[in-house]
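Read the structure below first, then the notes.
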Amino acid sequence: MRAFKQVDVFTRQPYQGNPLAVVLDGSGLGEETMQRFARWTNLSETTFVLPPTAPGADYSLRIFTPGGELPFAGHPTLGSCHAWLEAGGQPHDEAFIVQQCAVGLVKIRREGQRLAFAAPPLQRSEIASELLGGITEALGLQPTQVRAAQRLDNGPLWHGLLLDAPETVLGLQPDHARLVALGAKVGVAAAYPHEERVALIAQRNREARAFAGTERPREASPDLEVRGFAAPMGVNEDPVTGSLNASLAQWLMAEGLMPERYLASQGVCLGRAGQVHLLRDSAGQVWVGGDAVTCVDGRVRI
């Protein structure tokens, strides 16, 4: 029997975020066993905590979807760190917890009760026109509804689409079988049309530089609506996605399309209320923050 937790991430309210299964001692388990257990939990991700092998790491993590292993993912990073700390884990450094995973070492910091991870470096490029056309058709979009598109790779690969309005994002009914045939994980987002948005971006950029590293009150309303479709990995729609929000923030902030601090909403169409806090600090590092709450705490036979 092994220590086990099921954690809800990107929420303070149980069952409003993205659930994660965490096996706190994955020692001695083979890859096939881990994959079989991940299929059984039938959650978007299941993680296995292992002793670190890299200098400076506090623990190592393997991340599985029902369809395969991921080199990195955001909500498993925050949820696993929450579970590890709750189970008595003690980081080497008071300032950061350091997670080892397939993309390397990922820093996680505490922001009050919230955790935030440092987004891994992003590689982005144009989406091939033929593939973009297929994705647009699979989502039921008109080309004029797509304001911008990028191939986003920070470990997981996402095809990011910035759409014309949050209502467009929330109204999508994708052809998931078509996305599987295309082999495309797709993240879509649209900004809420807050008044004087240009002035707001400038103001928040100044605030982000002034308050980097400190916790601020929760925003009253989101700045960005997000959905993530991952049918090729066995998950038609992910409730709340850290890696996607990280890459979207790195892209949209770099292009001046979003401020250096903003709040993203995800999961509405699945009956969730996920909130992701994005911040780019004065050094240019994007941090992805979210709350987490333990819903199940016990032991599991694997």
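Letters for chains follow the order of the structure tokens (A, B, ...), residue numbers begin at 1 for each chain, and ligand numbers begin at 1 in the order shown.
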Write out as a compact mmCIF listing (two decimals) with C-alpha atoms, in the first residue's frame which residues come within 9 Å of Ala102 (chain A) when counting only C-alpha atoms, dropping same-chain ones fewer than 5 positions away.
# COMPACT_ATOMS: atom_id res chain seq x y z
CA LEU A 61 7.99 13.51 -10.73
CA ARG A 62 6.58 11.35 -13.52
CA LEU A 70 4.12 13.92 -20.35
CA PRO A 71 7.51 15.61 -19.90
CA PHE A 72 5.87 18.45 -17.98
CA GLY A 155 7.45 20.49 -22.93
Please produce, as CSV, a per-residue contact table for region 149-188 of chain A versus region 234-242 of chain A (criterion: any atom at most 12 Å away, only C-alpha atoms considered), showing the nearest atom pair and its distance in Å to one decimal, sorted by chain then residue number.
residue,atom,partner,partner_atom,distance
A:Asn154,CA,A:Gly242,CA,11.0
A:Gly155,CA,A:Gly242,CA,11.8
A:Pro156,CA,A:Gly242,CA,10.6
A:Trp158,CA,A:Thr241,CA,11.0
A:Leu172,CA,A:Glu237,CA,11.3
A:Gln173,CA,A:Glu237,CA,10.5
A:Pro174,CA,A:Asn236,CA,9.0
A:Asp175,CA,A:Asn236,CA,9.5
A:His176,CA,A:Asn236,CA,6.4
A:Ala177,CA,A:Asn236,CA,9.2
A:Arg178,CA,A:Asn236,CA,11.3
A:Leu179,CA,A:Asn236,CA,9.3
A:Val180,CA,A:Gly234,CA,9.0
A:Gly183,CA,A:Gly234,CA,11.3
A:Ala184,CA,A:Asn236,CA,11.3
A:Lys185,CA,A:Asn236,CA,9.4
A:Val186,CA,A:Glu237,CA,9.6
A:Gly187,CA,A:Thr241,CA,9.3
A:Val188,CA,A:Glu237,CA,11.3
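The residue that comes closest to Ser265 (chain A), out of A:Thr33, A:Asp281, A:Phe10, A:Arg39 and on the basis of only C-alpha atoms, is A:Phe10.
Here CA of His92 (chain A) is placed at a distance of 6.6 Å from CA of Asp58 (chain A).
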Subject >> Who sits within 12 Å of Ala149 (chain A), only C-alpha atoms, same chain under 6 positions skipped, as a list in words >> reply: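 Contacts, in chain order: Arg124, Ser125, Glu126, Ile127, Ala128, Ser129, Leu131, Leu132, Gly133, Ile135, Thr136, Pro143, Trp158, His159, Gly160, Leu161, Leu162, Leu163, Asp164, Val186, Gly187, Val188, Ala189, Ala190, Leu248, Trp251, Leu252 and Glu255 of chain A.
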Produce a file of the selected residues containing C-alpha atoms, as an mmCIF file, in the first residue's frame.
data_model
loop_
_atom_site.group_PDB
_atom_site.id
_atom_site.type_symbol
_atom_site.label_atom_id
_atom_site.label_comp_id
_atom_site.auth_asym_id
_atom_site.auth_seq_id
_atom_site.Cartn_x
_atom_site.Cartn_y
_atom_site.Cartn_z
ATOM 1 C CA ARG A 124 6.970 29.057 -30.542
ATOM 2 C CA SER A 125 6.488 29.235 -34.274
ATOM 3 C CA GLU A 126 3.807 29.630 -36.912
ATOM 4 C CA ILE A 127 1.304 26.812 -37.379
ATOM 5 C CA ALA A 128 1.457 25.329 -40.869
ATOM 6 C CA SER A 129 -1.426 26.749 -42.893
ATOM 7 C CA LEU A 131 -2.880 22.207 -40.162
ATOM 8 C CA LEU A 132 -4.324 25.514 -38.992
ATOM 9 C CA GLY A 133 -7.111 25.142 -41.535
ATOM 10 C CA ILE A 135 -7.914 22.832 -36.640
ATOM 11 C CA THR A 136 -10.186 25.757 -37.496
ATOM 12 C CA PRO A 143 -11.077 32.162 -40.227
ATOM 13 C CA TRP A 158 -0.076 23.066 -27.860
ATOM 14 C CA HIS A 159 -1.524 24.795 -30.878
ATOM 15 C CA GLY A 160 -2.653 28.134 -29.478
ATOM 16 C CA LEU A 161 -5.452 30.194 -31.011
ATOM 17 C CA LEU A 162 -6.390 33.676 -29.862
ATOM 18 C CA LEU A 163 -10.056 34.200 -30.777
ATOM 19 C CA ASP A 164 -12.199 37.269 -31.218
ATOM 20 C CA VAL A 186 -5.443 22.869 -29.118
ATOM 21 C CA GLY A 187 -5.694 25.725 -26.655
ATOM 22 C CA VAL A 188 -8.073 28.590 -27.354
ATOM 23 C CA ALA A 189 -8.326 31.905 -25.542
ATOM 24 C CA ALA A 190 -9.967 35.308 -25.799
ATOM 25 C CA LEU A 248 -0.306 31.360 -23.681
ATOM 26 C CA TRP A 251 3.212 34.303 -26.072
ATOM 27 C CA LEU A 252 0.538 36.921 -25.382
ATOM 28 C CA GLU A 255 3.293 40.318 -28.151
#
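The interatomic distance for the pair CA of Glu260 (chain A) and CA of Ser243 (chain A) works out to 17.2 Å.
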